[in-house]
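Asks: Could you have a look at this structure, given as structure tokens, before my questions?
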Amino acid sequence: MILPTELAPRIVTTNANFWKAVGLVSGARRFGNRNVHFPKNRSRGFEGDIRTEIMGVWGELATWKWADELKLEVSIPCLVSLDGPSTDVDFKATLNSQEIGLEAKSWAAHRVDGSLADPFSTMNINVKGHLRSYDRGGDYYVFSFGTIGGDSTIVGSPYPHEFVSGWKQNDGKYGDPYYAKTIQELVPSVVKGKNAYKMVSWIEKTAIAQKSNEALISFWREAAESRIDAVMNACKAKTSAEFFRAIEEI
């Protein structure tokens, strides 16, 4: 019997079509949330909100690819809801005949200003968001490491949900406290045999097409509303491979 934490980490390909998908799903979510008024303390500013949105989609799509490549049976994710944000756990996986809830999170090696993050930067999880995740049925987090627009992403082994409440708690500058753990501490527990210094160096080498892929994200994010029917049809895919084939046709 294999434990969830023993599911192997994996490098997944995040090519131009992957980032096109990130842009389309991000834009479709914005369209779906157009009538939703979020509390001000959930805003990270205009640019910050867009980055948070993109990182969320990136983590979910990378996790879906990781699960399919491991042949882990997972539910079809609710990538886009036209009735506001989904209240479901990101993925329901079946392992050892038991269902477990997986929540996807991503960490970008490049900061908003473009500078390279160091191993002492942190994976941050909002305290209220963590509680909402638990209420949705989250049992494990699946962390993805890379850079927005990079050609590869490292997806780690599942990390027990309850461990996060033991992380250091900081006061958020936007009014919400958050849990934080340095990448230096986190990486060895979810990417066995790797350390954060080597990982950040490796990620930097995957950023060759970063700028062109970032432009793709921006273009398709803006184009999503005019192609919403096609995006919603792609989101009906039963596997990540089927989903990305549908994205190619948009």
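Chain lettering (A, B, ...) mirrors the order of the structure tokens, residue numbering begins at 1 for each chain separately, and ligand numbering begins at 1 in order of display.
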Name all residues at most 12 Å from Phe219 (chain A) (count only C-alpha atoms; drop same-chain ones fewer than 2 positions away) and give them as an MDAnalysis selection string.
Replies: chainID A and resid 19:24 26:27 212:217 221:226
Asks: How would the residues just picked look written out with N, CA and C atoms as a CSV table (one decimal), in the first residue's frame?
Replies:
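Output file out-v9.csv is given in full below:
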```
chain,number,residue,atom,x,y,z
A,19,TRP,N,0.7,27.4,-21.2
A,19,TRP,CA,0.5,28.8,-20.8
A,19,TRP,C,-0.7,29.5,-21.5
A,20,LYS,N,-1.0,29.0,-22.7
A,20,LYS,CA,-2.2,29.5,-23.4
A,20,LYS,C,-3.4,29.1,-22.5
A,21,ALA,N,-3.4,27.8,-22.1
A,21,ALA,CA,-4.5,27.3,-21.2
A,21,ALA,C,-4.6,28.1,-19.9
A,22,VAL,N,-3.5,28.5,-19.3
A,22,VAL,CA,-3.5,29.3,-18.1
A,22,VAL,C,-4.2,30.6,-18.4
A,23,GLY,N,-3.8,31.2,-19.5
A,23,GLY,CA,-4.5,32.5,-19.8
A,23,GLY,C,-6.0,32.4,-20.0
A,24,LEU,N,-6.4,31.3,-20.8
A,24,LEU,CA,-7.8,31.2,-21.1
A,24,LEU,C,-8.6,30.8,-19.8
A,26,SER,N,-7.7,31.5,-16.7
A,26,SER,CA,-7.7,32.7,-15.9
A,26,SER,C,-8.7,33.8,-16.3
A,27,GLY,N,-8.8,34.0,-17.6
A,27,GLY,CA,-9.7,35.0,-18.2
A,27,GLY,C,-11.1,34.5,-18.0
A,212,SER,N,8.0,35.4,-23.8
A,212,SER,CA,7.0,35.1,-24.8
A,212,SER,C,5.8,34.4,-24.3
A,213,ASN,N,6.0,33.5,-23.3
A,213,ASN,CA,4.9,32.7,-22.7
A,213,ASN,C,4.0,33.7,-21.8
A,214,GLU,N,4.7,34.6,-21.1
A,214,GLU,CA,3.9,35.6,-20.4
A,214,GLU,C,3.0,36.4,-21.3
A,215,ALA,N,3.5,36.7,-22.5
A,215,ALA,CA,2.7,37.5,-23.5
A,215,ALA,C,1.5,36.6,-23.9
A,216,LEU,N,1.7,35.3,-24.0
A,216,LEU,CA,0.6,34.4,-24.4
A,216,LEU,C,-0.4,34.4,-23.3
A,217,ILE,N,0.0,34.3,-22.1
A,217,ILE,CA,-1.0,34.3,-21.0
A,217,ILE,C,-1.8,35.6,-21.0
A,221,ARG,N,-5.8,35.6,-21.9
A,221,ARG,CA,-6.6,36.0,-20.7
A,221,ARG,C,-7.6,37.0,-21.2
A,222,GLU,N,-7.2,37.9,-22.0
A,222,GLU,CA,-8.1,39.0,-22.6
A,222,GLU,C,-9.0,38.4,-23.6
A,223,ALA,N,-8.6,37.3,-24.3
A,223,ALA,CA,-9.4,36.8,-25.4
A,223,ALA,C,-10.5,35.7,-24.8
A,224,ALA,N,-10.4,35.4,-23.6
A,224,ALA,CA,-11.2,34.3,-23.0
A,224,ALA,C,-12.7,34.5,-23.1
A,225,GLU,N,-13.1,35.8,-22.8
A,225,GLU,CA,-14.5,36.0,-22.8
A,225,GLU,C,-15.2,35.8,-24.2
A,226,SER,N,-14.5,36.2,-25.2
A,226,SER,CA,-15.0,36.0,-26.6
A,226,SER,C,-15.0,34.5,-27.0
```
Asks: Excluding region 121-137 of chain A and residues on its chain fewer than 4 positions from it, collect all residues at most 10 Å away from it, counting only C-alpha atoms, and give them as a PyMOL selection string.
Replies: chain A and resi 42+86-92+100-103+105-109+111+117+141+143+145+161-162+164-165+167-172+176-186
Asks: Find the spatial neighbours of Ile247 (chain A), counting only C-alpha atoms, within a cut-off of 9 Å - ignore same-chain residues fewer than 4 positions away - and output them as a PyMOL selection string.
Replies: chain A and resi 17-18+20-21+24+230-231+234+242-243
Asks: Store the residues picked out above in a file with C-alpha atoms, as a PDB file, in the first residue's frame.
Replies:
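Contents of again_14.pdb, freshly written:
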```pdb
ATOM      1  CA  ASN A  17       0.033  25.540 -25.095  1.00  0.00           C
ATOM      2  CA  PHE A  18       0.097  25.057 -21.313  1.00  0.00           C
ATOM      3  CA  LYS A  20      -2.228  29.499 -23.372  1.00  0.00           C
ATOM      4  CA  ALA A  21      -4.480  27.320 -21.215  1.00  0.00           C
ATOM      5  CA  LEU A  24      -7.783  31.155 -21.077  1.00  0.00           C
ATOM      6  CA  ALA A 230     -14.914  26.819 -26.372  1.00  0.00           C
ATOM      7  CA  VAL A 231     -13.146  27.180 -23.004  1.00  0.00           C
ATOM      8  CA  ALA A 234     -12.440  22.135 -23.078  1.00  0.00           C
ATOM      9  CA  GLU A 242      -7.673  15.662 -23.595  1.00  0.00           C
ATOM     10  CA  PHE A 243      -7.991  19.139 -22.087  1.00  0.00           C
TER      11      PHE A 243
END
```
Asks: Can you pull out every residue within 12 Å of Asp68 (chain A), counting only C-alpha atoms, but drop anything in the same chain fewer than 3 positions away, and send it as a list in words?
Replies: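 The neighbour list is Arg10, Val12, Leu61, Ala62, Thr63, Trp64, Lys65, Lys71, Leu72, Glu73, Val74, Ser75, Ile76, Phe91, Ala93, Lys238, Thr239, Ser240, Ala241, Glu242 and Phe243 of chain A.
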Asks: Considering only alpha helix (DSSP H) as DSSP defines it on the backbone, what residues of region 45-168 of chain A qualify? List them as a count of residues only.
Replies: 34
Asks: Based on DSSP run over this structure's backbone, return all residues of region 71-205 of chain A in strand (DSSP E or B), as a PyMOL selection string.
Replies: chain A and resi 73-74+82+84+91-95+98-108+110+116+122-126+140-146+152-155+159-160+168-170+178-182
Asks: Include C-alpha atoms and write out the residues we just selected as a PDB file, in the first residue's frame.
Replies:
```
ATOM      1  CA  GLU A  73      -7.138   8.510 -10.565  1.00  0.00           C
ATOM      2  CA  VAL A  74      -8.512  12.005  -9.950  1.00  0.00           C
ATOM      3  CA  LEU A  82     -19.660  30.734 -14.480  1.00  0.00           C
ATOM      4  CA  GLY A  84     -18.657  32.480  -9.171  1.00  0.00           C
ATOM      5  CA  PHE A  91      -8.999  17.322  -6.953  1.00  0.00           C
ATOM      6  CA  LYS A  92     -10.502  14.225  -5.418  1.00  0.00           C
ATOM      7  CA  ALA A  93      -8.022  11.402  -5.839  1.00  0.00           C
ATOM      8  CA  THR A  94      -8.582   7.709  -5.289  1.00  0.00           C
ATOM      9  CA  LEU A  95      -5.676   5.890  -3.676  1.00  0.00           C
ATOM     10  CA  GLN A  98      -9.881   5.652  -0.465  1.00  0.00           C
ATOM     11  CA  GLU A  99     -10.732   9.193  -1.558  1.00  0.00           C
ATOM     12  CA  ILE A 100      -8.377  12.032  -0.634  1.00  0.00           C
ATOM     13  CA  GLY A 101      -8.708  15.750  -1.336  1.00  0.00           C
ATOM     14  CA  LEU A 102      -5.785  17.476  -3.069  1.00  0.00           C
ATOM     15  CA  GLU A 103      -5.323  21.241  -3.094  1.00  0.00           C
ATOM     16  CA  ALA A 104      -2.881  22.765  -5.597  1.00  0.00           C
ATOM     17  CA  LYS A 105      -0.471  25.593  -4.756  1.00  0.00           C
ATOM     18  CA  SER A 106       2.370  27.083  -6.775  1.00  0.00           C
ATOM     19  CA  TRP A 107       5.548  28.990  -5.966  1.00  0.00           C
ATOM     20  CA  ALA A 108       7.249  31.243  -8.513  1.00  0.00           C
ATOM     21  CA  HIS A 110      10.788  35.080  -9.969  1.00  0.00           C
ATOM     22  CA  LEU A 116      15.136  35.784  -8.709  1.00  0.00           C
ATOM     23  CA  THR A 122       8.555  31.422   1.576  1.00  0.00           C
ATOM     24  CA  MET A 123       5.558  29.403   0.495  1.00  0.00           C
ATOM     25  CA  ASN A 124       2.664  31.395   1.927  1.00  0.00           C
ATOM     26  CA  ILE A 125      -0.830  30.097   2.695  1.00  0.00           C
ATOM     27  CA  ASN A 126      -3.523  32.451   3.931  1.00  0.00           C
ATOM     28  CA  TYR A 140      -3.064  17.280   1.201  1.00  0.00           C
ATOM     29  CA  TYR A 141      -1.450  20.177  -0.616  1.00  0.00           C
ATOM     30  CA  VAL A 142       0.387  19.546  -3.875  1.00  0.00           C
ATOM     31  CA  PHE A 143       3.053  22.218  -4.349  1.00  0.00           C
ATOM     32  CA  SER A 144       4.384  23.212  -7.773  1.00  0.00           C
ATOM     33  CA  PHE A 145       7.691  25.036  -8.175  1.00  0.00           C
ATOM     34  CA  GLY A 146       8.806  26.945 -11.245  1.00  0.00           C
ATOM     35  CA  SER A 152       8.971  23.027 -16.975  1.00  0.00           C
ATOM     36  CA  THR A 153       7.472  22.823 -13.487  1.00  0.00           C
ATOM     37  CA  ILE A 154       8.455  20.608 -10.553  1.00  0.00           C
ATOM     38  CA  VAL A 155       5.397  19.107  -8.853  1.00  0.00           C
ATOM     39  CA  TYR A 159       2.044  17.382   1.803  1.00  0.00           C
ATOM     40  CA  PRO A 160      -0.307  16.718   4.757  1.00  0.00           C
ATOM     41  CA  LYS A 168       5.175  30.154  11.297  1.00  0.00           C
ATOM     42  CA  GLN A 169       2.244  32.584  11.267  1.00  0.00           C
ATOM     43  CA  ASN A 170       2.811  36.135  10.032  1.00  0.00           C
ATOM     44  CA  TYR A 178      -0.749  33.777   6.683  1.00  0.00           C
ATOM     45  CA  TYR A 179       1.296  30.655   7.330  1.00  0.00           C
ATOM     46  CA  ALA A 180       4.819  30.674   5.915  1.00  0.00           C
ATOM     47  CA  LYS A 181       7.568  28.113   5.431  1.00  0.00           C
ATOM     48  CA  THR A 182      10.862  28.770   3.686  1.00  0.00           C
TER      49      THR A 182
END
```
Asks: Which residue gives the smallest distance to Ile11 (chain A) among A:Gly32, A:Gly59, A:Pro119, A:Gly156, with only C-alpha atoms counted?
Replies: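 Of the candidates, the smallest distance to Ile11 (chain A) is held by A:Gly156.
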